[in-house]
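See below for the structure under consideration.
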Amino acid sequence: MDQTLQLPNHAQIIGPTTDYAYKWGLNVGLSDDKALRLALAVDEVVTDVVRFAFPGEDGTFELTFRADLSTAEVIIHERGEPFDPSRHPYDPQRAIEDDNFEGAGFAVIDHCVDDFAFLNRGREGKEFRLVQHIESDHIADLHATEPPDPDADREDVSYTFSPVRPRDAEDIAKLIYRTYGYTYVREELYYPERIERALEQNEKFGVLVRSNSGRAVGYFAVLRSQDSNIGEVGEAVVDVNHRRRGLMKRMLRSLIDQANDRGLSGVYGEAVTVHDISQRVNHHFGMMSTALLLGLFPSQRFRALFDERTQPISVIIDFRPLVPYTTVTAHLPARYADLLRRIYDALGVHDLQVPPRSDTTTREQWPDATEMDARIRYSYNHVVFVVDRPGQDLSEQVNRALTDLEDDSMTVAFVDLPLDDPATPAATEILCENDFVLAGLMPRFHGNRDYLRLQRPLTRLDPNGIEVYSDLAVDLKAHILNELSWTSNGMETRSRSASGATST
Amino acid sequence: MDLERHGDTLTVRLRRDFNLMAVRHLTHHLEDATRVRIDLARARLVDTEAVMALFRLQKQGVEVVLLEPPSIFYEVLEVLELESAFNLEQLVERKRS
């Protein structure tokens, strides 16, 4: 969960803010050294804001502290005078000879943090983003070798299924490492400490399968969303010696039961498209394909099971509402209305209210500035702009942020637009004029509201490396490729089922 | 920040980080001191404002002595390539054992 401080531009706040950043860093798992460097970077940015952002006047700015299991990020957002740090590089000779230290603070920031991004948000001001990667011991360093599996060749193995506990963390990391080597997309699963912390903080819950010998042979978890009452059914693994025994399906059934017990309003899966196995399992459990996200994860080679493909990995969002939809009011953009109606229908929305075009708003009616949050996943090379309220500068803000992120080698940019907002149809048109195309529906994704997700791939992908399963996924892929004018060999096979339904 | 003045020597004991606020306090109390001793034993951080202040004091002919600066101070000097601008042997007083 984000923590946001609103601060005045007074020098007195520099010390307490720096202290807070240091303590917060320690609490989210940074080492003392990294927390200290983060605190120094915060000190430098805050000092710069206090001294220069609001010359001669009072102003306020915000600090947002955001962390996940592998990253600690501090976002400093101010709406003061225009400024671009890249135009003010530090020059040591100039400092010594002319007593001109311009850019010194930013040189120190660059040195202190793992990632430093500056986003110019136009009328919405500027954002300085300071990121530290949270270090912990990799499972390969903790336990290089494991004894052979005594149950490997047995047919009569019995299994126990139990809820995951923090003390299972090391066994989970070993299972991931044993099964995937270094190729599993979710890096945090190689670090027992991070798994333990997530379980202790109730950020995820799951099921662990042990064989007769007590060895962990299957794991499946739901990761709670940080800004909505839904969870991602992810982090799935079954030991290669225990596959084709129905463990995955039994774990998923148990997970959905646990999610229901915890009152989640829905669960979703990010099923990779280098194969369709996960998509098949998701559909077996009543999940419906709602979006195709191109290049969401960096290139990985999948060991053993699949052939080797090395392009960024696209995923299908499969969603299952746990609390049934009742009436949904959605301002569907005309160009995507048919597909979105079919997705809603597959999700069991029988009363979809689409207000008439006259109820929508146009750009001229919007406020000057867009309210949106940029969620940058540096390790996955993508950014999601979650729009709370579109403003006249929507495309300007998005394009400027993408320019500012050019050095971070982003693979894809997404924009989430709230479908209950009458501005969404016109906002969609504006973004499509700026090379965005459909990604799909993100049901109940932020604050339990439905969002339309648009995407702009920043690198070309081979469509033939994107394997999809359900009818809806096939249609999403065809629609998206058509919008992008990308061609594939059209070898996708439709499932035998009706729209989006299961076939296994 | 605790301050003591003996003749033309001002001794400053920081209670926290050496940052913009500390620099402003120091500058405010400097008056006509020609020697400043800054005890940094309780400072975790020394930022660029502090480094600039030290540079300027030195340039004005004020003799500056630091006691127990945190290790990040040396790193900041290195990043800013300012080691040559300071005589560290004179600037930092070795802790007596």
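The chains in the structure tokens are called A, B, ... from first to last as shown; in each chain the residues are counted from 1, and the ligands are counted from 1 in the order shown.
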Would you tabulate, counting only C-alpha atoms, all residues of chain B that have an atom at most 10 Å from an atom of chain A, showing the closest pair of atoms and their distance in Å to one decimal, sorted by chain then ascending number, as a tab-separated table?
```
residue	atom	partner	partner_atom	distance
B:Arg16	CA	A:Gly15	CA	7.9
B:Asp17	CA	A:Gly15	CA	7.1
B:Phe18	CA	A:Gly15	CA	9.2
B:Asn19	CA	A:Gly15	CA	7.6
B:Leu20	CA	A:Ala11	CA	6.9
B:Met21	CA	A:Ala11	CA	6.1
B:Ala22	CA	A:Gly15	CA	9.5
B:Arg24	CA	A:Ala11	CA	9.4
B:Arg44	CA	A:Leu36	CA	7.8
B:Leu45	CA	A:Leu40	CA	6.6
B:Val46	CA	A:Leu40	CA	8.0
B:Asp47	CA	A:Leu40	CA	6.8
B:Thr48	CA	A:Gly105	CA	5.9
B:Glu49	CA	A:Gly105	CA	8.3
B:Val51	CA	A:Ala104	CA	10.0
B:Met52	CA	A:Phe101	CA	7.5
B:Phe55	CA	A:Asp99	CA	8.4
B:Arg56	CA	A:Asp99	CA	7.8
B:Lys59	CA	A:Asp99	CA	9.4
B:Ile72	CA	A:Arg37	CA	8.4
B:Glu75	CA	A:Val108	CA	9.0
B:Val76	CA	A:Val108	CA	6.6
B:Leu77	CA	A:Val108	CA	9.5
B:Glu78	CA	A:Val108	CA	9.7
B:Val79	CA	A:Val108	CA	6.5
B:Leu80	CA	A:Pro92	CA	6.2
B:Glu81	CA	A:Pro92	CA	6.0
B:Leu82	CA	A:Pro92	CA	7.0
B:Ser84	CA	A:Ile96	CA	9.2
B:Ala85	CA	A:Ile96	CA	6.8
```
Store the residues of this selection in a file with C-alpha atoms, as a tab-separated table (two decimals), in the first residue's frame.
```tsv
chain	number	residue	atom	x	y	z
B	16	ARG	CA	21.61	14.93	13.28
B	17	ASP	CA	22.49	15.02	9.58
B	18	PHE	CA	24.69	17.64	7.99
B	19	ASN	CA	22.13	19.11	5.57
B	20	LEU	CA	20.64	22.42	4.45
B	21	MET	CA	19.23	23.25	7.90
B	22	ALA	CA	22.53	22.51	9.59
B	24	ARG	CA	21.99	27.54	7.65
B	44	ARG	CA	24.36	9.66	9.37
B	45	LEU	CA	24.36	11.76	6.22
B	46	VAL	CA	26.37	14.58	4.72
B	47	ASP	CA	24.68	15.94	1.62
B	48	THR	CA	25.80	18.19	-1.21
B	49	GLU	CA	24.61	21.34	0.59
B	51	VAL	CA	29.87	19.75	0.97
B	52	MET	CA	29.27	23.05	-0.82
B	55	PHE	CA	34.07	24.20	0.10
B	56	ARG	CA	32.96	27.82	0.48
B	59	LYS	CA	37.58	29.32	0.07
B	72	ILE	CA	29.17	8.42	3.03
B	75	GLU	CA	31.73	8.78	-1.11
B	76	VAL	CA	29.99	12.06	-1.88
B	77	LEU	CA	33.38	13.74	-2.35
B	78	GLU	CA	34.41	10.95	-4.68
B	79	VAL	CA	31.21	11.12	-6.76
B	80	LEU	CA	31.61	14.89	-7.09
B	81	GLU	CA	35.34	14.49	-7.83
B	82	LEU	CA	36.18	16.98	-5.11
B	84	SER	CA	41.51	17.36	-4.75
B	85	ALA	CA	39.59	20.43	-3.57
```
- Query: Which of these residues is nearest to A:Leu452, using only C-alpha atoms: A:Tyr344, A:Tyr469, A:Tyr20, A:Tyr378?
  - Reply: A:Tyr344
- Between B:Val36, B:Arg15, B:Arg42, B:Leu88, single out the one closest to B:Glu63, counting only C-alpha atoms.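 Closest to B:Glu63 of all the choices is B:Val36.
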- Message: Can you pull out every residue from stretch 306-467 of chain A that DSSP, working from the backbone, puts in strand (DSSP E), and format the result as a PyMOL selection string?
- Response: chain A and resi 313-321+327-329+351-353+371-377+382-389+412-418+437-446+449-457
Just C-alpha atoms for this one: save the residues we selected as a tab-separated table (two decimals), in the first residue's frame.
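Contents of again.tsv, freshly written:
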```tsv
chain	number	residue	atom	x	y	z
A	313	ILE	CA	6.51	-12.55	-22.89
A	314	SER	CA	2.91	-11.60	-23.53
A	315	VAL	CA	0.17	-12.73	-21.16
A	316	ILE	CA	-3.54	-13.35	-21.27
A	317	ILE	CA	-5.55	-11.94	-18.37
A	318	ASP	CA	-8.05	-14.58	-17.29
A	319	PHE	CA	-10.59	-13.38	-14.73
A	320	ARG	CA	-13.24	-15.04	-12.62
A	321	PRO	CA	-15.61	-12.94	-10.53
A	327	THR	CA	-25.73	-4.11	-13.11
A	328	VAL	CA	-22.66	-2.64	-14.78
A	329	THR	CA	-22.64	0.84	-16.26
A	351	ASP	CA	-27.38	-6.20	-17.18
A	352	LEU	CA	-24.80	-4.10	-19.01
A	353	GLN	CA	-25.90	-0.49	-19.21
A	371	GLU	CA	-4.95	12.84	-12.76
A	372	MET	CA	-3.04	9.62	-13.18
A	373	ASP	CA	-0.49	7.43	-11.49
A	374	ALA	CA	2.49	6.02	-13.39
A	375	ARG	CA	3.34	2.55	-12.09
A	376	ILE	CA	6.75	1.74	-13.43
A	377	ARG	CA	7.98	-1.84	-13.22
A	382	HIS	CA	6.84	-1.80	-18.54
A	383	VAL	CA	4.78	1.07	-17.23
A	384	VAL	CA	1.07	1.26	-16.44
A	385	PHE	CA	-0.56	4.70	-16.38
A	386	VAL	CA	-3.65	4.39	-14.22
A	387	VAL	CA	-5.91	7.29	-15.09
A	388	ASP	CA	-8.18	8.51	-12.34
A	389	ARG	CA	-9.58	11.44	-14.33
A	412	VAL	CA	5.42	-1.65	-23.51
A	413	ALA	CA	3.25	1.09	-22.04
A	414	PHE	CA	-0.29	0.57	-20.81
A	415	VAL	CA	-3.01	3.07	-19.97
A	416	ASP	CA	-5.96	2.06	-17.77
A	417	LEU	CA	-9.14	4.12	-18.24
A	418	PRO	CA	-12.11	3.77	-15.87
A	437	VAL	CA	-4.35	-0.10	-29.26
A	438	LEU	CA	-6.67	-2.33	-27.30
A	439	ALA	CA	-5.35	-4.63	-24.59
A	440	GLY	CA	-8.74	-5.54	-23.12
A	441	LEU	CA	-10.88	-5.33	-20.03
A	442	MET	CA	-9.26	-5.26	-16.57
A	443	PRO	CA	-12.21	-6.20	-14.37
A	444	ARG	CA	-12.36	-4.68	-10.87
A	445	PHE	CA	-8.69	-3.84	-11.22
A	446	HIS	CA	-8.37	-0.55	-9.35
A	449	ARG	CA	-13.80	-0.50	-10.76
A	450	ASP	CA	-13.60	-1.93	-14.26
A	451	TYR	CA	-10.92	-0.44	-16.48
A	452	LEU	CA	-10.31	-0.47	-20.20
A	453	ARG	CA	-6.64	-1.17	-20.79
A	454	LEU	CA	-4.91	0.21	-23.86
A	455	GLN	CA	-1.35	-0.66	-24.81
A	456	ARG	CA	1.45	0.67	-26.93
A	457	PRO	CA	4.19	-1.89	-27.64
```
- Task: Please measure the separation of atom CA of B:Glu83 and atom CA of B:Leu57, giving the value in Å to one decimal.
- Result: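 One can read the atom CA of B:Glu83 to atom CA of B:Leu57 distance as 15.7 Å.
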- Query: Residues at most 12 Å from B:Glu4, counting only C-alpha atoms, excluding those fewer than 3 positions away in the same chain, as a list in words?
  - Reply: Met1, Gly7, Asp8, Thr9, Leu10, Thr11, Val12, Arg13, Leu14, Leu26, His29, Leu30, Ala33, Arg35, Val36, Arg37, Ile38 and Asp39 of chain B
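Going from atom CA of A:Tyr22 to atom CA of A:Gln132 covers 11.8 Å.
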- Query: What's the 7 Å shell around stretch 91-94 of chain B, counting only C-alpha atoms, without same-chain residues fewer than 4 positions away, as a PyMOL selection string?
  - Reply: chain B and resi 64-67+87
Could you go through stretch 1-95 of chain B and tell me which residues DSSP, when run on the backbone, assigns to alpha helix (DSSP H), listing them as a PDB file with N, CA and C atoms, in the first residue's frame?
```
ATOM      1  N   LEU B  20      20.900  20.998   4.672  1.00  0.00           N
ATOM      2  CA  LEU B  20      20.645  22.424   4.451  1.00  0.00           C
ATOM      3  C   LEU B  20      20.360  23.171   5.753  1.00  0.00           C
ATOM      4  N   MET B  21      19.556  22.587   6.632  1.00  0.00           N
ATOM      5  CA  MET B  21      19.230  23.253   7.903  1.00  0.00           C
ATOM      6  C   MET B  21      20.480  23.461   8.736  1.00  0.00           C
ATOM      7  N   ALA B  22      21.306  22.409   8.797  1.00  0.00           N
ATOM      8  CA  ALA B  22      22.534  22.510   9.586  1.00  0.00           C
ATOM      9  C   ALA B  22      23.461  23.566   8.999  1.00  0.00           C
ATOM     10  N   VAL B  23      23.519  23.623   7.681  1.00  0.00           N
ATOM     11  CA  VAL B  23      24.358  24.630   7.010  1.00  0.00           C
ATOM     12  C   VAL B  23      23.865  26.035   7.360  1.00  0.00           C
ATOM     13  N   ARG B  24      22.543  26.215   7.334  1.00  0.00           N
ATOM     14  CA  ARG B  24      21.991  27.540   7.646  1.00  0.00           C
ATOM     15  C   ARG B  24      22.304  27.941   9.087  1.00  0.00           C
ATOM     16  N   HIS B  25      22.168  26.996  10.010  1.00  0.00           N
ATOM     17  CA  HIS B  25      22.501  27.271  11.414  1.00  0.00           C
ATOM     18  C   HIS B  25      23.968  27.644  11.550  1.00  0.00           C
ATOM     19  N   LEU B  26      24.788  26.847  10.922  1.00  0.00           N
ATOM     20  CA  LEU B  26      26.232  27.062  11.011  1.00  0.00           C
ATOM     21  C   LEU B  26      26.593  28.444  10.466  1.00  0.00           C
ATOM     22  N   THR B  27      26.052  28.748   9.294  1.00  0.00           N
ATOM     23  CA  THR B  27      26.359  30.040   8.662  1.00  0.00           C
ATOM     24  C   THR B  27      25.894  31.186   9.556  1.00  0.00           C
ATOM     25  N   HIS B  28      24.729  30.999  10.166  1.00  0.00           N
ATOM     26  CA  HIS B  28      24.152  32.038  11.013  1.00  0.00           C
ATOM     27  C   HIS B  28      25.035  32.344  12.229  1.00  0.00           C
ATOM     28  N   HIS B  29      25.667  31.285  12.754  1.00  0.00           N
ATOM     29  CA  HIS B  29      26.462  31.453  13.978  1.00  0.00           C
ATOM     30  C   HIS B  29      27.942  31.646  13.722  1.00  0.00           C
ATOM     31  N   LEU B  30      28.323  31.673  12.479  1.00  0.00           N
ATOM     32  CA  LEU B  30      29.753  31.718  12.149  1.00  0.00           C
ATOM     33  C   LEU B  30      30.407  33.020  12.612  1.00  0.00           C
ATOM     34  N   THR B  48      25.024  17.271  -0.364  1.00  0.00           N
ATOM     35  CA  THR B  48      25.803  18.185  -1.213  1.00  0.00           C
ATOM     36  C   THR B  48      25.749  19.627  -0.699  1.00  0.00           C
ATOM     37  N   GLU B  49      24.670  19.997  -0.010  1.00  0.00           N
ATOM     38  CA  GLU B  49      24.612  21.338   0.585  1.00  0.00           C
ATOM     39  C   GLU B  49      25.749  21.496   1.589  1.00  0.00           C
ATOM     40  N   ALA B  50      25.972  20.441   2.371  1.00  0.00           N
ATOM     41  CA  ALA B  50      27.036  20.488   3.373  1.00  0.00           C
ATOM     42  C   ALA B  50      28.406  20.554   2.706  1.00  0.00           C
ATOM     43  N   VAL B  51      28.575  19.752   1.664  1.00  0.00           N
ATOM     44  CA  VAL B  51      29.870  19.746   0.974  1.00  0.00           C
ATOM     45  C   VAL B  51      30.142  21.122   0.351  1.00  0.00           C
ATOM     46  N   MET B  52      29.102  21.710  -0.231  1.00  0.00           N
ATOM     47  CA  MET B  52      29.274  23.050  -0.822  1.00  0.00           C
ATOM     48  C   MET B  52      29.653  24.059   0.263  1.00  0.00           C
ATOM     49  N   ALA B  53      29.011  23.932   1.417  1.00  0.00           N
ATOM     50  CA  ALA B  53      29.295  24.865   2.516  1.00  0.00           C
ATOM     51  C   ALA B  53      30.754  24.735   2.966  1.00  0.00           C
ATOM     52  N   LEU B  54      31.221  23.500   3.073  1.00  0.00           N
ATOM     53  CA  LEU B  54      32.613  23.278   3.479  1.00  0.00           C
ATOM     54  C   LEU B  54      33.571  23.900   2.454  1.00  0.00           C
ATOM     55  N   PHE B  55      33.247  23.672   1.182  1.00  0.00           N
ATOM     56  CA  PHE B  55      34.074  24.204   0.097  1.00  0.00           C
ATOM     57  C   PHE B  55      34.154  25.735   0.195  1.00  0.00           C
ATOM     58  N   ARG B  56      33.005  26.350   0.449  1.00  0.00           N
ATOM     59  CA  ARG B  56      32.959  27.819   0.481  1.00  0.00           C
ATOM     60  C   ARG B  56      33.652  28.375   1.724  1.00  0.00           C
ATOM     61  N   LEU B  57      33.485  27.691   2.838  1.00  0.00           N
ATOM     62  CA  LEU B  57      34.181  28.141   4.059  1.00  0.00           C
ATOM     63  C   LEU B  57      35.686  28.126   3.832  1.00  0.00           C
ATOM     64  N   GLN B  58      36.132  27.028   3.253  1.00  0.00           N
ATOM     65  CA  GLN B  58      37.560  26.883   2.980  1.00  0.00           C
ATOM     66  C   GLN B  58      38.050  27.984   2.051  1.00  0.00           C
ATOM     67  N   LYS B  59      37.221  28.288   1.040  1.00  0.00           N
ATOM     68  CA  LYS B  59      37.581  29.320   0.068  1.00  0.00           C
ATOM     69  C   LYS B  59      37.665  30.708   0.724  1.00  0.00           C
ATOM     70  N   SER B  71      30.964   7.580   6.706  1.00  0.00           N
ATOM     71  CA  SER B  71      31.705   7.136   5.522  1.00  0.00           C
ATOM     72  C   SER B  71      31.091   7.666   4.230  1.00  0.00           C
ATOM     73  N   ILE B  72      29.789   7.948   4.267  1.00  0.00           N
ATOM     74  CA  ILE B  72      29.165   8.423   3.029  1.00  0.00           C
ATOM     75  C   ILE B  72      29.706   9.793   2.610  1.00  0.00           C
ATOM     76  N   PHE B  73      30.266  10.526   3.555  1.00  0.00           N
ATOM     77  CA  PHE B  73      30.866  11.821   3.226  1.00  0.00           C
ATOM     78  C   PHE B  73      31.984  11.651   2.192  1.00  0.00           C
ATOM     79  N   TYR B  74      32.822  10.635   2.420  1.00  0.00           N
ATOM     80  CA  TYR B  74      33.934  10.410   1.494  1.00  0.00           C
ATOM     81  C   TYR B  74      33.410   9.993   0.118  1.00  0.00           C
ATOM     82  N   GLU B  75      32.316   9.236   0.139  1.00  0.00           N
ATOM     83  CA  GLU B  75      31.726   8.776  -1.111  1.00  0.00           C
ATOM     84  C   GLU B  75      31.173   9.963  -1.910  1.00  0.00           C
ATOM     85  N   VAL B  76      30.540  10.879  -1.203  1.00  0.00           N
ATOM     86  CA  VAL B  76      29.990  12.059  -1.881  1.00  0.00           C
ATOM     87  C   VAL B  76      31.125  12.860  -2.518  1.00  0.00           C
ATOM     88  N   LEU B  77      32.224  13.023  -1.776  1.00  0.00           N
ATOM     89  CA  LEU B  77      33.381  13.739  -2.346  1.00  0.00           C
ATOM     90  C   LEU B  77      33.895  13.047  -3.595  1.00  0.00           C
ATOM     91  N   GLU B  78      33.910  11.706  -3.543  1.00  0.00           N
ATOM     92  CA  GLU B  78      34.414  10.947  -4.680  1.00  0.00           C
ATOM     93  C   GLU B  78      33.493  11.101  -5.893  1.00  0.00           C
ATOM     94  N   VAL B  79      32.183  10.985  -5.661  1.00  0.00           N
ATOM     95  CA  VAL B  79      31.215  11.121  -6.757  1.00  0.00           C
ATOM     96  C   VAL B  79      31.338  12.503  -7.397  1.00  0.00           C
ATOM     97  N   LEU B  88      42.243  16.353   2.805  1.00  0.00           N
ATOM     98  CA  LEU B  88      41.531  15.518   3.780  1.00  0.00           C
ATOM     99  C   LEU B  88      42.335  15.290   5.053  1.00  0.00           C
ATOM    100  N   GLU B  89      43.672  15.283   4.904  1.00  0.00           N
ATOM    101  CA  GLU B  89      44.517  15.088   6.092  1.00  0.00           C
ATOM    102  C   GLU B  89      44.279  16.205   7.105  1.00  0.00           C
ATOM    103  N   GLN B  90      44.101  17.406   6.562  1.00  0.00           N
ATOM    104  CA  GLN B  90      43.847  18.553   7.453  1.00  0.00           C
ATOM    105  C   GLN B  90      42.386  18.691   7.820  1.00  0.00           C
ATOM    106  N   LEU B  91      41.528  18.327   6.859  1.00  0.00           N
ATOM    107  CA  LEU B  91      40.094  18.537   7.066  1.00  0.00           C
ATOM    108  C   LEU B  91      39.533  17.618   8.148  1.00  0.00           C
TER     109      LEU B  91
END
```
